[in-house]
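Notes to accompany the following structure.
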Amino acid sequence: MYMFCDLGDVRVHYEVRGEGTPIILIHGFSLDYRLMEGCMEPVFAGKSGYQRIYLDLPGMGKTKGEHWINGTDDMLEVVTRFIDEVIPGQSFLIAGESYGGYLARGVVSKMAGRVEGLLTICSPIYAEHAKRELPEHTVIKTDKRLIASLTEEEAAEFTSLAVVQDEYVLNRTREEIIPGAMLADPEFLEKIKQNYSFSFSIDLAKPFEKPVLFFAGRQDAVVGYKDHWKVMGQFPRASFAVLDRAGHNLQIEQPAVFNALVADWLDRTEETISLKKEPIK
């Protein structure tokens, strides 16, 4: 279902799939909702009872980057206001990829009482690149004939990020990543980059005791994986999956493991929500 949420000073494009427990899904920087839809909908193909809400962040997809939005603090304000508008007063799950996962942790810091579970995919613990502990870019698998068939520009973009460089990963990149990137507003996003970090700490004052799943690629040279250990104490119900043969597009390069672990996270959240609803005997 294609629609806009009018917040007065910004109109947020979003798409809804299914009915049930709401799950807010936030894509990465410069992309659009198709990134999250592409990796999450296969998981929900075998699961009912979830309302998946995919939004486009300002300056990305079909959501215009408004003049008053100057950085990640303002992006978070848009996301929290969007949540309050589309599912007022309801509890929800939240998931995000890369920058979207960073925003999702911001949502937890602001709305922990309503969040029933958190999932992040290849998301930075530190917004500042200088603080990240990163591995070198490594290629695990490549199809030289395929790479040679691409234009010079597409080959350079694909090989600069992909750890698995085969036809499957290329096709999903073309379907789920490139279309969103083509819609991005580069001038607006350059402004956001200047204030990419939150101006406040999103470290939690008390542990978030709901099911969490952190995905990280062992070969992810964009955000790395080691920094996650520094926040694990805030999430006593967290699974931390560091996948080999996976870079910054882990959800595409390791789909079977991704699907299985997301399904497990959903099962854990269902169990926790059910236990909370059971009457005290």
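As shown in the structure tokens, the chain order sets the letters A, B, ...; within each chain, residues go from 1, and ligands are also counted from 1 in the order they appear.
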Which of stretch 32-132 of chain A DSSP labels alpha helix (DSSP H), written as a PyMOL selection string: chain A and resi 34-44+72-86+99-111
Strand (DSSP E) call set, DSSP backbone run, stretch 5-50 of chain A, as a list in words: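 Selecting the strand (DSSP E) positions of stretch 5-50 of chain A gives Cys5, Asp6, Arg11, Val12, His13, Tyr14, Glu15, Val16, Arg17, Thr21, Pro22, Ile23, Ile24, Leu25, Ile26 and Tyr50 of chain A.
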Using only C-alpha atoms: which of A:Phe240, A:Phe188, A:Tyr54, A:Trp68 has the shortest distance to A:Glu41: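 Using only C-alpha atoms, the shortest distance to A:Glu41 belongs to A:Tyr54.
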Of the listed residues A:Leu76, A:Val223, A:Leu93, A:Ile53, that which approaches A:Phe4 most closely, counting only C-alpha atoms: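 Looking only at the distances to A:Phe4, the closest residue turns out to be A:Ile53.
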Residue neighbourhood A:Leu261, 10 Å, only C-alpha atoms, exclusion window fewer than 5 positions, as a list in words: Val43, Leu213, Phe214, Phe215, Ser239, Ala241, Pro255, Ala256, Leu266 and Asp267 of chain A
Residues within 9 Å of A:Gly247, only C-alpha atoms, excluding chain neighbours under 4 positions, as a ChimeraX atom specification: /A:122,137-139,161-164,216-222,224,243,253
Distance criterion (only C-alpha atoms): nearest to A:Asp203 out of A:Ile125, A:Leu250, A:Ile24, A:Leu7: A:Ile125
Which residue of A:Phe158, A:Phe258, A:Trp265, A:Tyr168 approaches A:Pro211 most closely, using only C-alpha atoms: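 For A:Pro211, the nearest of the given residues is A:Trp265.
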Spatial neighbours of A:Phe92, 9 Å, only C-alpha atoms, chain gap at least 5 places, as a PyMOL selection string: chain A and resi 21-24+87+114-117
Would you mind exporting the chosen residues as a PDB file, in the first residue's frame, restricted to all heavy atoms?
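out.pdb, written as the output of this step:
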ATOM      1  N   THR A  21       1.292  -7.065  14.496  1.00  0.00           N
ATOM      2  CA  THR A  21       2.277  -6.319  15.265  1.00  0.00           C
ATOM      3  C   THR A  21       3.068  -5.397  14.347  1.00  0.00           C
ATOM      4  O   THR A  21       3.672  -5.862  13.375  1.00  0.00           O
ATOM      5  CB  THR A  21       3.255  -7.285  15.970  1.00  0.00           C
ATOM      6  OG1 THR A  21       2.521  -8.150  16.837  1.00  0.00           O
ATOM      7  CG2 THR A  21       4.292  -6.519  16.783  1.00  0.00           C
ATOM      8  N   PRO A  22       3.102  -4.098  14.613  1.00  0.00           N
ATOM      9  CA  PRO A  22       3.837  -3.186  13.720  1.00  0.00           C
ATOM     10  C   PRO A  22       5.351  -3.391  13.827  1.00  0.00           C
ATOM     11  O   PRO A  22       5.887  -3.612  14.919  1.00  0.00           O
ATOM     12  CB  PRO A  22       3.456  -1.790  14.232  1.00  0.00           C
ATOM     13  CG  PRO A  22       2.267  -1.989  15.113  1.00  0.00           C
ATOM     14  CD  PRO A  22       2.393  -3.365  15.681  1.00  0.00           C
ATOM     15  N   ILE A  23       6.009  -3.317  12.699  1.00  0.00           N
ATOM     16  CA  ILE A  23       7.473  -3.315  12.667  1.00  0.00           C
ATOM     17  C   ILE A  23       7.909  -2.187  11.736  1.00  0.00           C
ATOM     18  O   ILE A  23       7.545  -2.153  10.560  1.00  0.00           O
ATOM     19  CB  ILE A  23       8.061  -4.683  12.257  1.00  0.00           C
ATOM     20  CG1 ILE A  23       9.587  -4.593  12.100  1.00  0.00           C
ATOM     21  CG2 ILE A  23       7.415  -5.254  11.014  1.00  0.00           C
ATOM     22  CD1 ILE A  23      10.276  -5.942  11.992  1.00  0.00           C
ATOM     23  N   ILE A  24       8.641  -1.230  12.285  1.00  0.00           N
ATOM     24  CA  ILE A  24       9.151  -0.084  11.533  1.00  0.00           C
ATOM     25  C   ILE A  24      10.480  -0.472  10.907  1.00  0.00           C
ATOM     26  O   ILE A  24      11.386  -0.964  11.592  1.00  0.00           O
ATOM     27  CB  ILE A  24       9.345   1.132  12.461  1.00  0.00           C
ATOM     28  CG1 ILE A  24       8.043   1.479  13.208  1.00  0.00           C
ATOM     29  CG2 ILE A  24       9.859   2.332  11.671  1.00  0.00           C
ATOM     30  CD1 ILE A  24       6.911   1.930  12.331  1.00  0.00           C
ATOM     31  N   ILE A  87       1.240   4.866  14.063  1.00  0.00           N
ATOM     32  CA  ILE A  87       0.820   3.855  15.053  1.00  0.00           C
ATOM     33  C   ILE A  87       0.759   4.505  16.440  1.00  0.00           C
ATOM     34  O   ILE A  87       1.502   4.123  17.349  1.00  0.00           O
ATOM     35  CB  ILE A  87       1.755   2.626  15.055  1.00  0.00           C
ATOM     36  CG1 ILE A  87       3.238   3.033  15.154  1.00  0.00           C
ATOM     37  CG2 ILE A  87       1.520   1.754  13.841  1.00  0.00           C
ATOM     38  CD1 ILE A  87       4.177   1.855  15.419  1.00  0.00           C
ATOM     39  N   ARG A 114       8.066   1.549  24.381  1.00  0.00           N
ATOM     40  CA  ARG A 114       7.158   1.055  23.343  1.00  0.00           C
ATOM     41  C   ARG A 114       7.820   0.064  22.396  1.00  0.00           C
ATOM     42  O   ARG A 114       7.137  -0.613  21.614  1.00  0.00           O
ATOM     43  CB  ARG A 114       6.598   2.231  22.520  1.00  0.00           C
ATOM     44  CG  ARG A 114       5.619   3.096  23.299  1.00  0.00           C
ATOM     45  CD  ARG A 114       5.226   4.338  22.505  1.00  0.00           C
ATOM     46  NE  ARG A 114       4.614   4.015  21.227  1.00  0.00           N
ATOM     47  CZ  ARG A 114       4.341   4.919  20.289  1.00  0.00           C
ATOM     48  NH1 ARG A 114       4.646   6.193  20.485  1.00  0.00           N
ATOM     49  NH2 ARG A 114       3.782   4.558  19.147  1.00  0.00           N
ATOM     50  N   VAL A 115       9.154  -0.046  22.432  1.00  0.00           N
ATOM     51  CA  VAL A 115       9.877  -0.912  21.496  1.00  0.00           C
ATOM     52  C   VAL A 115       9.966  -2.323  22.076  1.00  0.00           C
ATOM     53  O   VAL A 115      10.492  -2.530  23.166  1.00  0.00           O
ATOM     54  CB  VAL A 115      11.285  -0.371  21.209  1.00  0.00           C
ATOM     55  CG1 VAL A 115      12.006  -1.288  20.221  1.00  0.00           C
ATOM     56  CG2 VAL A 115      11.212   1.049  20.648  1.00  0.00           C
ATOM     57  N   GLU A 116       9.456  -3.311  21.326  1.00  0.00           N
ATOM     58  CA  GLU A 116       9.445  -4.700  21.784  1.00  0.00           C
ATOM     59  C   GLU A 116      10.616  -5.516  21.239  1.00  0.00           C
ATOM     60  O   GLU A 116      10.813  -6.660  21.651  1.00  0.00           O
ATOM     61  CB  GLU A 116       8.129  -5.367  21.370  1.00  0.00           C
ATOM     62  CG  GLU A 116       6.889  -4.734  21.981  1.00  0.00           C
ATOM     63  CD  GLU A 116       6.792  -4.945  23.489  1.00  0.00           C
ATOM     64  OE1 GLU A 116       7.570  -5.743  24.035  1.00  0.00           O
ATOM     65  OE2 GLU A 116       5.921  -4.302  24.108  1.00  0.00           O
ATOM     66  N   GLY A 117      11.384  -4.940  20.321  1.00  0.00           N
ATOM     67  CA  GLY A 117      12.528  -5.657  19.778  1.00  0.00           C
ATOM     68  C   GLY A 117      13.288  -4.779  18.805  1.00  0.00           C
ATOM     69  O   GLY A 117      12.713  -3.906  18.158  1.00  0.00           O
TER      70      GLY A 117
END
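Of the listed residues A:Lys110, A:Arg174, A:Lys47, A:Lys210, the one whose atoms come nearest to A:Val262 is A:Lys47, with distances taken using only C-alpha atoms.
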Test item: residues at most 9 Å from A:Val78, only C-alpha atoms, excluding those fewer than 4 positions along its chain, as JSON, numbers by chain: {"A": [7, 10, 12, 57, 58, 69, 73, 74, 82, 83]}
Minimum-distance residue to A:Gln165, chosen among A:Tyr196, A:Thr151, A:Arg245, A:Phe235 (using only C-alpha atoms):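 Going through A:Tyr196, A:Thr151, A:Arg245, A:Phe235 one by one, the smallest distance to A:Gln165 is for A:Arg245.
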Shell around A:Glu187 at 12 Å using only C-alpha atoms, local window under 5 positions removed, as a ChimeraX atom specification: /A:30,59-60,64-67,70,192-194
